[in-house]
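What follows is a short report on a single structure.
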Amino acid sequence: MKTRKTITGAATLTLSLTLGLIQCMQLALPACAQEAKAPVLDRTSLPIKEPQLKPCTIVDARDAKLPPRFQVKAPDGAPNVLLVLIDDMGFGQSSAFGGPVQMPTLEKLANNGLRYNGFHTTALCSPTRAALLSGRNHHVCNMGSITETATGFPGQTGQRPNSVAPLAEMLRLNGYATAAFGKSHETAAWEVSPSGPTDRWPTRSGFDKFYGFIGGEANQWAPTLYDGLTQVEPPNEPNYHLIPDMTRKAIQWMNYEKSLTPDKPFFIYFAPGGTHAPHQVPKEWIDKYKGKFDQGWDKLREETLARQKALGMVPSDATLAPKPPGIKDWDKLTADERKLFAHQMEVFAAYGEFTDHNVGNLITALEKNGQLDNTLVFYIAGDNGASAEGGFNGLYNEMSYFNSAPESVEDILKHYDKLGSADSYGHYAAGWAVAGDTPFTWTKQVASDYGGTMNAMAVHWPHGIKAKGEIRSQFHHVIDIAPTILEAAGLPEPKSVNGTVQTPIEGVSMAYTFDNARAESKRKTQYFEIFGNRSIYHDGWLAGTVHRAPWEPKPSTTLDKDKWELYNTKTDFSLTKDLSKEMPEKLKEMQGIFLKEAEKYNVLPLDDRLFDRLNAKLVGRPDLMQGRKSLTVYDGMTGMSENVFISLKNSSYTLTADTEVPKEGANGVIIAQAGKFGGWSFYLNEGKPTFTYNWLGQAEYTIAASEALTPGANTIKFDFAYDGGGPGKGGTGTISVNGKEVATGRIDKTQGFIFSADEGADVGADLGTAVSKAYQVPNRFTGKLNSVKVDLLPGSAVDQAHNARAHSEGKMKKMLSD
């Protein structure tokens, strides 16, 4: 019995071992020998990790099982997303929200979706865009102001940190196709060149496709365009305009994407330059508004408020807030002022309707493709309030103001019929901006008033929103768009992106408002700050201070002496009843909340410096040309903005071109900077070396040799001896060929501060618009251009310290408008 038990025990052990071995063998079978289940994707760490498969040991593929293909797809039913952002449009300008600018596309989407009348931006361009595209506050994105005024302080560096992954990157890594069209003003100014780094260019920020301009504004008739990382010339077609062009490109991309991958959702960011200056639009659109604004901005404010009440955009008891100091009453203007200003508004309104019309073309394309019903559309009418940066008279050529050469009403009236055309680069008078921000007092840049921060928005998504034509009044901020999109797509917020742990998204989803008009707002607190203008919203209360008006060159007081105001927004929509004296403790409480939020989100230290912030060395911002006195450039280097090209303003300098002229002779541009609204060009005209200085499009000073170059090697040189005595003075120019002087002449005045916000320096051509009336773009150099050397000369007569500060002042004026 004892032996029998031993045998039985051994058999049992053997059987157990055998079964265990079989199980182990099954577990150890290579992936290709067994059916495998599709893995569960971890979407909180992007890119999504590919499952690790064990090595295959089966020799013959016919005996092996195919593993499931690893493929990142968006969640089933995830909607397409279209994010439309209009530029520099105020809360009271669109017809969909009671304004005078007819925008039928926005009306259509709002009538079949939702209107939001409690939605806010940051009050300035780059900060709003950075926050919109990331879901984080603008200082957390290091975009406390525009990129051109960045500093070395955290919150102000102008460079989005890796810990703040863009929404587009989150969506792309989750299976979306992504594209951006139009304006991109989120790349550090010194990084906008082929030298990069390109980390913060659109196509390195989550977008598969980008077509548009990089910077604050563009000449809509002749923009500096990029397709991805490459500068491209606009299509050579009659009456070219960027907005229809970018619309066509967006439709083409969408059609392509849906044709080849119909189940793959897309994210399109559509950000036209309209209605930012320059206000440029075809004449037939301007004609539609003839006489529509003869009543003036005061009456327009009243009319707009009445329409806003009728639409339910403002409470029935809302009143008009007072106009800012300095904005004249319309009935006190001269006849010439009224004539000019009314026409400026006609141009702006046409520009707004024209922009909306092209958005409509994109919406129509979505309808034709059967995509509109499952496309979540956010149509935001403005990245800040309406712009008052045109000053009290408006402008024919925006560059005049930025070069301390203000245009009088009489000056602008000389160009009355050109306003809006390719021969203008204009802006409207500040009174229209105030009317455009009805019912509030202030405008763009003023982050302490709803006129600077409240923008009209419509949301449309038939598959996801049951309500139609309803209003949502919950307080929300631009950082709330990104988490709303993630929730609608069924995607979690990523904790890590491209190996970097992420700063948590600071916005809250607005999806809870889609089908609940009375839901309590989930955003309780929000700070605002731009150049020292600052405020805090908390649970219906707003406390803030206007530190500097948009048209003021510097603040009227120091930060510690600012006068704060207090408003109960639940009972005072227009912010007309300051309660700071009646409720000092409440004000103190709100100021404390502001400081707490400011510390939390990298807002401190507050920086209201204006001129100093253009001195890169002083504020700790990189400058490619810092300390350089010489720059050698080569044929084909085009579109170099003033942030990456050596500055020749207010200085003596030399241009030396190493050329080879073929036996049939040569013509064309050797090197040029900017264009028809101000710039300079060194070129061959009928083979003769020629230099033209275009002063603000008002005067051309041309120095030209009398004889054409002989075939062969030629060293062509232009020397400019600056008169000195301050910025913008004149000087004497001399042209020499192979060491022999061939021409000399006077240039009576120069642009001391800026040439262009759009057109750059070009070598071997003049792209965009032509500096000189003597040729047409691109006027490429037909000889061989080996190099061009640009040298700043020592001992310039201008006081260098004065020059640097003056240059900063002019650039700051320009950058504030971007």
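Chains: A, B, ... in order of the structure tokens. Residues: from 1 per chain. Ligands: from 1, in order shown.
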
So that I can see what lies close to segment 245-261 of chain A, please list as a count of residues only the residues with an atom at most 7 Å from it, counting only C-alpha atoms and leaving out residues fewer than 6 positions away in the same chain. 6

Give me, as JSON lines, each residue of segment 395-461 of chain A that comes within 12 Å of segment 656-680 of chain A, together with its shortest interatomic pair and the distance in Å at one decimal, counting only C-alpha atoms, with rows ordered by chain and rising residue number.
```
{"residue": "A:Tyr396", "atom": "CA", "partner": "A:Phe677", "partner_atom": "CA", "distance": 10.0}
{"residue": "A:Asn397", "atom": "CA", "partner": "A:Phe677", "partner_atom": "CA", "distance": 6.9}
{"residue": "A:Glu398", "atom": "CA", "partner": "A:Phe677", "partner_atom": "CA", "distance": 8.7}
{"residue": "A:Met399", "atom": "CA", "partner": "A:Phe677", "partner_atom": "CA", "distance": 7.1}
{"residue": "A:Ser400", "atom": "CA", "partner": "A:Phe677", "partner_atom": "CA", "distance": 8.8}
{"residue": "A:Phe402", "atom": "CA", "partner": "A:Gly678", "partner_atom": "CA", "distance": 11.4}
{"residue": "A:Asn403", "atom": "CA", "partner": "A:Gly678", "partner_atom": "CA", "distance": 10.2}
{"residue": "A:Ala422", "atom": "CA", "partner": "A:Lys676", "partner_atom": "CA", "distance": 10.0}
{"residue": "A:Asp423", "atom": "CA", "partner": "A:Lys676", "partner_atom": "CA", "distance": 8.4}
{"residue": "A:Ser424", "atom": "CA", "partner": "A:Phe677", "partner_atom": "CA", "distance": 8.2}
{"residue": "A:Tyr425", "atom": "CA", "partner": "A:Phe677", "partner_atom": "CA", "distance": 7.6}
{"residue": "A:Gly426", "atom": "CA", "partner": "A:Phe677", "partner_atom": "CA", "distance": 10.7}
```

Would you save the residues from that selection as a tab-separated table (two decimals), in the first residue's frame, using C-alpha atoms?
```tsv
chain	number	residue	atom	x	y	z
A	396	TYR	CA	-4.12	105.91	-44.46
A	397	ASN	CA	-0.72	104.29	-43.98
A	398	GLU	CA	-0.31	102.70	-40.58
A	399	MET	CA	3.47	103.03	-40.86
A	400	SER	CA	3.18	106.83	-40.69
A	402	PHE	CA	4.72	104.32	-36.10
A	403	ASN	CA	7.39	106.58	-37.54
A	422	ALA	CA	-4.16	97.74	-52.40
A	423	ASP	CA	-2.88	101.32	-52.34
A	424	SER	CA	-3.75	101.79	-48.65
A	425	TYR	CA	-2.60	100.32	-45.35
A	426	GLY	CA	-5.20	101.89	-43.12
```

Would you pick out the contacts of segment 725-741 of chain A at 6 Å or less, using only C-alpha atoms, so that residues sharing its chain but fewer than 6 positions from it are not included, and give the list as an MDAnalysis selection string? chainID A and resid 650 715:719 747:752 798 803

Convert the current residue selection to file output with N, CA and C atoms, as an mmCIF file, in the first residue's frame.
```
data_model
loop_
_atom_site.group_PDB
_atom_site.id
_atom_site.type_symbol
_atom_site.label_atom_id
_atom_site.label_comp_id
_atom_site.auth_asym_id
_atom_site.auth_seq_id
_atom_site.Cartn_x
_atom_site.Cartn_y
_atom_site.Cartn_z
ATOM 1 N N ASN A 650 18.646 105.126 -38.877
ATOM 2 C CA ASN A 650 19.324 106.187 -38.120
ATOM 3 C C ASN A 650 20.830 105.967 -38.042
ATOM 4 N N THR A 715 31.705 94.713 -58.625
ATOM 5 C CA THR A 715 31.415 94.974 -57.220
ATOM 6 C C THR A 715 30.676 96.300 -57.148
ATOM 7 N N ILE A 716 29.402 96.202 -56.739
ATOM 8 C CA ILE A 716 28.535 97.380 -56.710
ATOM 9 C C ILE A 716 28.319 97.773 -55.258
ATOM 10 N N LYS A 717 28.521 99.044 -54.977
ATOM 11 C CA LYS A 717 28.495 99.492 -53.581
ATOM 12 C C LYS A 717 27.601 100.718 -53.424
ATOM 13 N N PHE A 718 26.824 100.717 -52.338
ATOM 14 C CA PHE A 718 26.046 101.900 -51.978
ATOM 15 C C PHE A 718 26.458 102.328 -50.574
ATOM 16 N N ASP A 719 26.908 103.564 -50.441
ATOM 17 C CA ASP A 719 27.287 104.143 -49.141
ATOM 18 C C ASP A 719 26.256 105.182 -48.749
ATOM 19 N N ILE A 747 19.028 112.038 -49.793
ATOM 20 C CA ILE A 747 17.804 111.425 -49.271
ATOM 21 C C ILE A 747 17.396 112.308 -48.104
ATOM 22 N N ASP A 748 16.345 113.082 -48.290
ATOM 23 C CA ASP A 748 16.026 114.151 -47.344
ATOM 24 C C ASP A 748 15.553 113.651 -45.988
ATOM 25 N N LYS A 749 14.871 112.512 -45.940
ATOM 26 C CA LYS A 749 14.406 111.975 -44.662
ATOM 27 C C LYS A 749 14.254 110.464 -44.763
ATOM 28 N N THR A 750 14.339 109.826 -43.614
ATOM 29 C CA THR A 750 14.269 108.368 -43.557
ATOM 30 C C THR A 750 13.275 107.944 -42.485
ATOM 31 N N GLN A 751 12.928 106.683 -42.498
ATOM 32 C CA GLN A 751 12.031 106.140 -41.466
ATOM 33 C C GLN A 751 12.875 105.714 -40.273
ATOM 34 N N GLY A 752 12.614 106.340 -39.144
ATOM 35 C CA GLY A 752 13.481 106.136 -37.996
ATOM 36 C C GLY A 752 13.127 104.969 -37.116
ATOM 37 N N VAL A 798 24.484 110.239 -35.601
ATOM 38 C CA VAL A 798 23.349 110.197 -34.689
ATOM 39 C C VAL A 798 23.797 109.768 -33.301
ATOM 40 N N ASN A 803 19.135 107.229 -30.389
ATOM 41 C CA ASN A 803 18.618 106.415 -31.488
ATOM 42 C C ASN A 803 17.975 105.133 -30.974
#
```

Please give the complete set of residues from segment 312-403 of chain A that DSSP, run on the backbone, assigns to strand (DSSP E or B), formatted as a list of chain:residue names. A:Thr375, A:Leu376, A:Val377, A:Phe378, A:Tyr379, A:Ile380, A:Ala381, A:Leu395, A:Asn397
